[in-house]
Amino acid sequence: VNIGRFVILGDSYSTFEGCMPEGHGTWYVPEGVERNLPTDVFKKEDTWWYQFIAETGSELVYNTSWSGSTICNTGYDGADFSNRSFVTRMDDLIKKDFFEKNNIDTLIIFGGTNDSWSDAPLGELKYEGWSKEDLYKVLPAVTYLLRRAKSNLLKVRIIFVLNDGLKEEINKTVSEACRKYEIELIKLHDIDKISDHPSIKGMKQINEQIKNYLKG
């Protein structure tokens with residue numbers, strides 16, 4: 001199923017060295033490059049998105065993925081992640097009219113994993129009147145992100161891909177917000193992982209589960 005010209009707003013699961021904007025943290029790197037934790041994914045051809053492009057003919061225009069990034073502005077150990085958060089990257093793309101200037105058909109948001117793992121504060125679910133402080137908390141940041149996307153990208157198909165094994169509060173909020181804003185949601189299941197990140201097998205599973213959803 002071809003989704004046209006698309007953008008990925010993601011975290012480590014969608015990274016590969018040399019395929020994202022300069023300065024973005026990378027999890028997946030070519031074989032021989034020093035890394036902290038084991039994986040069997042050493043080629044961009046093994047990433048879920050490369051397989052998806054090859055098999056559907058869709059065109060990846062921009063991959064703004066950043067390893068370790070959270071949707072909200074709080075990261076690991078309570079650090080300020082506002083320079084890399086999904087909220088900030090989305091706002092930047094909207095301010096630059098990126099989607100209009102580049103004739104983007106589809107946005108894939110693949111996140112929430114680090115919000116769950118980092119124990120960032122959950123906060124209270126809200127659908128309007130977000131304060132700056134709210135965006136440092138997971139639940140209001142999720143609804144803010146999806147509202148911003150839906151209300152600004154009027155001609156863009158928006159699909160949220162949700163990892164398995166996350167905190168129930170995050171799963172519930174993402175599901176609820178996607179329903180409210182009429183954003184498509186793909187819930188991944190039983191993904192094979194090494195060091196908590198998709199293995200070659202896991203990457204294939206992600207690609208297949210996204211394609212199966214799109215086929216309806």
# chains A, B, ... in the order shown; residues from 1 in each chain; ligands from 1

call {"tool": "closest_atom_pairs", "arguments": {"of": "segment 106-172 of chain A", "to": "segment 64-71 of chain A", "cutoff": "9 Å", "atoms": "only C-alpha atoms", "output": "JSON lines"}}
result
{"residue": "A:Phe110", "atom": "CA", "partner": "A:Ser65", "partner_atom": "CA", "distance": 8.8}
{"residue": "A:Gly111", "atom": "CA", "partner": "A:Ile71", "partner_atom": "CA", "distance": 6.7}
{"residue": "A:Gly112", "atom": "CA", "partner": "A:Ile71", "partner_atom": "CA", "distance": 6.1}
{"residue": "A:Thr113", "atom": "CA", "partner": "A:Thr70", "partner_atom": "CA", "distance": 7.4}
{"residue": "A:Asn114", "atom": "CA", "partner": "A:Thr70", "partner_atom": "CA", "distance": 5.2}
{"residue": "A:Asp115", "atom": "CA", "partner": "A:Thr70", "partner_atom": "CA", "distance": 5.1}
{"residue": "A:Ser116", "atom": "CA", "partner": "A:Thr70", "partner_atom": "CA", "distance": 8.7}
{"residue": "A:Ser118", "atom": "CA", "partner": "A:Thr70", "partner_atom": "CA", "distance": 8.4}
{"residue": "A:Ala120", "atom": "CA", "partner": "A:Thr70", "partner_atom": "CA", "distance": 8.6}
{"residue": "A:Leu135", "atom": "CA", "partner": "A:Ile71", "partner_atom": "CA", "distance": 8.7}
{"residue": "A:Lys137", "atom": "CA", "partner": "A:Ile71", "partner_atom": "CA", "distance": 8.9}
{"residue": "A:Val138", "atom": "CA", "partner": "A:Ile71", "partner_atom": "CA", "distance": 6.9}
{"residue": "A:Ala141", "atom": "CA", "partner": "A:Ile71", "partner_atom": "CA", "distance": 6.5}
{"residue": "A:Val142", "atom": "CA", "partner": "A:Ile71", "partner_atom": "CA", "distance": 6.5}
{"residue": "A:Leu145", "atom": "CA", "partner": "A:Ile71", "partner_atom": "CA", "distance": 7.8}

call {"tool": "write_last_selection", "arguments": {"atoms": "C-alpha atoms", "output": "PDB file, in the first residue's frame"}}
result
ATOM      1  CA  PHE A 110       6.352   6.472  16.089  1.00  0.00           C
ATOM      2  CA  GLY A 111       6.900   7.389  19.734  1.00  0.00           C
ATOM      3  CA  GLY A 112       6.036   7.101  23.410  1.00  0.00           C
ATOM      4  CA  THR A 113       8.649   4.443  24.142  1.00  0.00           C
ATOM      5  CA  ASN A 114      11.114   6.702  25.953  1.00  0.00           C
ATOM      6  CA  ASP A 115       8.314   8.512  27.782  1.00  0.00           C
ATOM      7  CA  SER A 116       7.479   5.106  29.275  1.00  0.00           C
ATOM      8  CA  SER A 118      12.383   7.238  31.329  1.00  0.00           C
ATOM      9  CA  ALA A 120       8.988  11.065  32.861  1.00  0.00           C
ATOM     10  CA  LEU A 135       4.578  19.911  27.952  1.00  0.00           C
ATOM     11  CA  LYS A 137       4.608  15.824  31.320  1.00  0.00           C
ATOM     12  CA  VAL A 138       3.720  12.841  29.168  1.00  0.00           C
ATOM     13  CA  ALA A 141       2.252  16.421  25.760  1.00  0.00           C
ATOM     14  CA  VAL A 142       0.719  13.488  23.832  1.00  0.00           C
ATOM     15  CA  LEU A 145       1.297  16.817  19.861  1.00  0.00           C
TER      16      LEU A 145
END

call {"tool": "select_by_dssp", "arguments": {"residues": "segment 22-139 of chain A", "states": "strand (DSSP E or B)", "output": "list in words"}}
result
Glu59, Leu60, Val61, Tyr62, Asn63, Thr64, Ser65, Thr74, Asp80, Thr106, Leu107, Ile108, Ile109 and Phe110 of chain A

call {"tool": "closest_residue", "arguments": {"among": "A:Val1, A:Lys167, A:Asp196, A:Cys19", "to": "Phe52 of chain A", "atoms": "only C-alpha atoms"}}
result
A:Val1

call {"tool": "atom_distance", "arguments": {"atom1": "atom CA of Glu208 of chain A", "atom2": "atom CA of Ala149 of chain A"}}
result
25.3 Å

call {"tool": "residues_around", "arguments": {"residues": "Asn163 of chain A", "least_positions_apart": "2", "cutoff": "10 Å", "atoms": "only C-alpha atoms", "output": "PyMOL selection string"}}
result
chain A and resi 13+110-113+160-161+165-166+171+186-191+206

call {"tool": "atom_distance", "arguments": {"atom1": "atom CA of Pro21 of chain A", "atom2": "atom CA of Asn36 of chain A"}}
result
21.5 Å

call {"tool": "residues_around", "arguments": {"residues": "Arg157 of chain A", "least_positions_apart": "4", "cutoff": "12 Å", "atoms": "only C-alpha atoms", "output": "PyMOL selection string"}}
result
chain A and resi 3-7+99+103-109+149-153+181-185+214

call {"tool": "write_last_selection", "arguments": {"atoms": "N, CA and C atoms", "output": "mmCIF file, in the first residue's frame"}}
result
data_model
loop_
_atom_site.group_PDB
_atom_site.id
_atom_site.type_symbol
_atom_site.label_atom_id
_atom_site.label_comp_id
_atom_site.auth_asym_id
_atom_site.auth_seq_id
_atom_site.Cartn_x
_atom_site.Cartn_y
_atom_site.Cartn_z
ATOM 1 N N ILE A 3 1.803 4.954 0.502
ATOM 2 C CA ILE A 3 1.272 6.100 1.274
ATOM 3 C C ILE A 3 1.851 7.420 0.762
ATOM 4 N N GLY A 4 2.429 7.384 -0.436
ATOM 5 C CA GLY A 4 2.923 8.612 -1.059
ATOM 6 C C GLY A 4 4.190 9.128 -0.417
ATOM 7 N N ARG A 5 4.303 10.452 -0.377
ATOM 8 C CA ARG A 5 5.473 11.115 0.202
ATOM 9 C C ARG A 5 5.247 11.225 1.708
ATOM 10 N N PHE A 6 6.158 10.630 2.492
ATOM 11 C CA PHE A 6 5.894 10.610 3.934
ATOM 12 C C PHE A 6 7.075 11.070 4.777
ATOM 13 N N VAL A 7 6.744 11.421 6.017
ATOM 14 C CA VAL A 7 7.710 11.878 7.013
ATOM 15 C C VAL A 7 7.597 10.957 8.220
ATOM 16 N N PHE A 99 5.410 20.745 5.717
ATOM 17 C CA PHE A 99 4.499 19.786 5.081
ATOM 18 C C PHE A 99 3.913 20.340 3.785
ATOM 19 N N ASN A 103 4.946 19.011 -0.102
ATOM 20 C CA ASN A 103 3.836 18.166 -0.591
ATOM 21 C C ASN A 103 3.796 16.797 0.089
ATOM 22 N N ILE A 104 3.776 16.805 1.415
ATOM 23 C CA ILE A 104 3.772 15.554 2.175
ATOM 24 C C ILE A 104 2.355 14.974 2.215
ATOM 25 N N ASP A 105 2.263 13.667 1.958
ATOM 26 C CA ASP A 105 0.972 12.965 1.992
ATOM 27 C C ASP A 105 0.678 12.354 3.357
ATOM 28 N N THR A 106 1.726 11.833 4.009
ATOM 29 C CA THR A 106 1.518 11.057 5.235
ATOM 30 C C THR A 106 2.584 11.387 6.275
ATOM 31 N N LEU A 107 2.154 11.470 7.531
ATOM 32 C CA LEU A 107 3.079 11.602 8.664
ATOM 33 C C LEU A 107 2.934 10.355 9.524
ATOM 34 N N ILE A 108 4.055 9.679 9.782
ATOM 35 C CA ILE A 108 4.067 8.565 10.732
ATOM 36 C C ILE A 108 4.747 9.042 12.010
ATOM 37 N N ILE A 109 3.987 9.055 13.102
ATOM 38 C CA ILE A 109 4.535 9.377 14.424
ATOM 39 C C ILE A 109 4.762 8.047 15.137
ATOM 40 N N ALA A 149 -0.721 18.399 15.307
ATOM 41 C CA ALA A 149 -0.605 17.726 14.015
ATOM 42 C C ALA A 149 -1.930 17.779 13.266
ATOM 43 N N LYS A 150 -3.017 17.416 13.947
ATOM 44 C CA LYS A 150 -4.317 17.319 13.286
ATOM 45 C C LYS A 150 -4.810 18.685 12.807
ATOM 46 N N SER A 151 -4.604 19.720 13.624
ATOM 47 C CA SER A 151 -5.170 21.023 13.276
ATOM 48 C C SER A 151 -4.319 21.803 12.274
ATOM 49 N N ASN A 152 -3.070 21.400 12.092
ATOM 50 C CA ASN A 152 -2.195 22.113 11.160
ATOM 51 C C ASN A 152 -1.949 21.366 9.850
ATOM 52 N N LEU A 153 -2.021 20.046 9.892
ATOM 53 C CA LEU A 153 -1.712 19.258 8.690
ATOM 54 C C LEU A 153 -3.020 18.775 8.077
ATOM 55 N N TYR A 181 -8.996 12.850 17.959
ATOM 56 C CA TYR A 181 -8.518 13.681 16.848
ATOM 57 C C TYR A 181 -8.583 12.968 15.495
ATOM 58 N N GLU A 182 -9.197 11.789 15.496
ATOM 59 C CA GLU A 182 -9.357 11.012 14.254
ATOM 60 C C GLU A 182 -8.012 10.777 13.563
ATOM 61 N N ILE A 183 -7.065 10.322 14.381
ATOM 62 C CA ILE A 183 -5.734 9.944 13.893
ATOM 63 C C ILE A 183 -5.654 8.417 13.903
ATOM 64 N N GLU A 184 -5.111 7.846 12.849
ATOM 65 C CA GLU A 184 -5.024 6.393 12.763
ATOM 66 C C GLU A 184 -3.985 5.857 13.752
ATOM 67 N N LEU A 185 -4.277 4.707 14.336
ATOM 68 C CA LEU A 185 -3.389 4.127 15.351
ATOM 69 C C LEU A 185 -3.057 2.678 15.001
ATOM 70 N N LEU A 214 -2.480 -1.150 6.839
ATOM 71 C CA LEU A 214 -2.795 -0.301 5.691
ATOM 72 C C LEU A 214 -3.648 -1.044 4.645
#

call {"tool": "closest_residue", "arguments": {"among": "A:Gln209, A:Asn2, A:Ser195, A:Ser14", "to": "Glu55 of chain A", "atoms": "only C-alpha atoms"}}
result
A:Asn2

call {"tool": "closest_residue", "arguments": {"among": "A:Arg148, A:Glu133, A:Asp119, A:Gly216", "to": "Lys95 of chain A", "atoms": "only C-alpha atoms"}}
result
A:Arg148

call {"tool": "select_by_dssp", "arguments": {"residues": "segment 25-176 of chain A", "states": "alpha helix (DSSP H)", "output": "mmCIF file with C-alpha atoms, in the first residue's frame"}}
result
data_model
loop_
_atom_site.group_PDB
_atom_site.id
_atom_site.type_symbol
_atom_site.label_atom_id
_atom_site.label_comp_id
_atom_site.auth_asym_id
_atom_site.auth_seq_id
_atom_site.Cartn_x
_atom_site.Cartn_y
_atom_site.Cartn_z
ATOM 1 C CA TRP A 48 11.455 -1.268 9.158
ATOM 2 C CA TRP A 49 11.132 1.905 7.096
ATOM 3 C CA TYR A 50 13.602 0.896 4.387
ATOM 4 C CA GLN A 51 11.745 -2.385 3.930
ATOM 5 C CA PHE A 52 8.452 -0.486 3.863
ATOM 6 C CA ILE A 53 9.709 1.853 1.126
ATOM 7 C CA ALA A 54 11.106 -1.026 -0.936
ATOM 8 C CA GLU A 55 7.893 -3.039 -0.722
ATOM 9 C CA THR A 56 5.260 -0.291 -1.103
ATOM 10 C CA PHE A 86 8.543 15.170 19.589
ATOM 11 C CA VAL A 87 6.621 18.289 20.636
ATOM 12 C CA THR A 88 9.523 20.597 19.704
ATOM 13 C CA ARG A 89 10.317 18.834 16.421
ATOM 14 C CA MET A 90 6.659 18.916 15.372
ATOM 15 C CA ASP A 91 6.337 22.605 16.239
ATOM 16 C CA ASP A 92 9.499 23.364 14.237
ATOM 17 C CA LEU A 93 8.179 21.568 11.137
ATOM 18 C CA ILE A 94 4.856 23.391 11.398
ATOM 19 C CA LYS A 95 6.558 26.792 11.822
ATOM 20 C CA PHE A 98 7.520 21.923 5.945
ATOM 21 C CA PHE A 99 4.499 19.786 5.081
ATOM 22 C CA GLU A 100 3.070 22.282 2.579
ATOM 23 C CA LYS A 101 6.389 23.163 0.943
ATOM 24 C CA THR A 113 8.649 4.443 24.142
ATOM 25 C CA ASN A 114 11.114 6.702 25.953
ATOM 26 C CA ASP A 115 8.314 8.512 27.782
ATOM 27 C CA SER A 116 7.479 5.106 29.275
ATOM 28 C CA TRP A 117 11.057 3.952 29.922
ATOM 29 C CA VAL A 138 3.720 12.841 29.168
ATOM 30 C CA LEU A 139 -0.081 12.752 28.975
ATOM 31 C CA PRO A 140 -0.721 16.431 28.171
ATOM 32 C CA ALA A 141 2.252 16.421 25.760
ATOM 33 C CA VAL A 142 0.719 13.488 23.832
ATOM 34 C CA THR A 143 -2.608 15.292 23.368
ATOM 35 C CA TYR A 144 -0.837 18.559 22.508
ATOM 36 C CA LEU A 145 1.297 16.817 19.861
ATOM 37 C CA LEU A 146 -1.658 15.104 18.212
ATOM 38 C CA ARG A 147 -3.864 18.207 18.340
ATOM 39 C CA ARG A 148 -1.085 20.300 16.753
ATOM 40 C CA ALA A 149 -0.605 17.726 14.015
ATOM 41 C CA LYS A 150 -4.317 17.319 13.286
ATOM 42 C CA SER A 151 -5.170 21.023 13.276
ATOM 43 C CA ASN A 152 -2.195 22.113 11.160
ATOM 44 C CA GLU A 168 -0.789 1.355 30.412
ATOM 45 C CA GLU A 169 -1.449 5.068 31.060
ATOM 46 C CA ILE A 170 0.500 5.945 27.905
ATOM 47 C CA ASN A 171 -1.261 3.286 25.799
ATOM 48 C CA LYS A 172 -4.639 4.494 27.029
ATOM 49 C CA THR A 173 -3.907 8.181 26.418
ATOM 50 C CA VAL A 174 -2.511 7.595 22.916
ATOM 51 C CA SER A 175 -5.557 5.463 22.028
ATOM 52 C CA GLU A 176 -7.990 8.026 23.443
#

call {"tool": "closest_residue", "arguments": {"among": "A:Val29, A:Lys96, A:Asn73, A:Tyr127", "to": "Lys180 of chain A", "atoms": "only C-alpha atoms"}}
result
A:Tyr127

call {"tool": "residues_around", "arguments": {"residues": "Pro38 of chain A", "least_positions_apart": "6", "cutoff": "12 Å", "atoms": "only C-alpha atoms", "output": "list in words"}}
result
Trp27, Tyr28, Val29, Glu31, Gly32, Lys193, Ile194, Ser195, Asp196, His197, Pro198 and Ser199 of chain A

call {"tool": "closest_residue", "arguments": {"among": "A:Thr26, A:Ser58, A:Asn212, A:Thr15", "to": "Asp46 of chain A", "atoms": "only C-alpha atoms"}}
result
A:Thr15
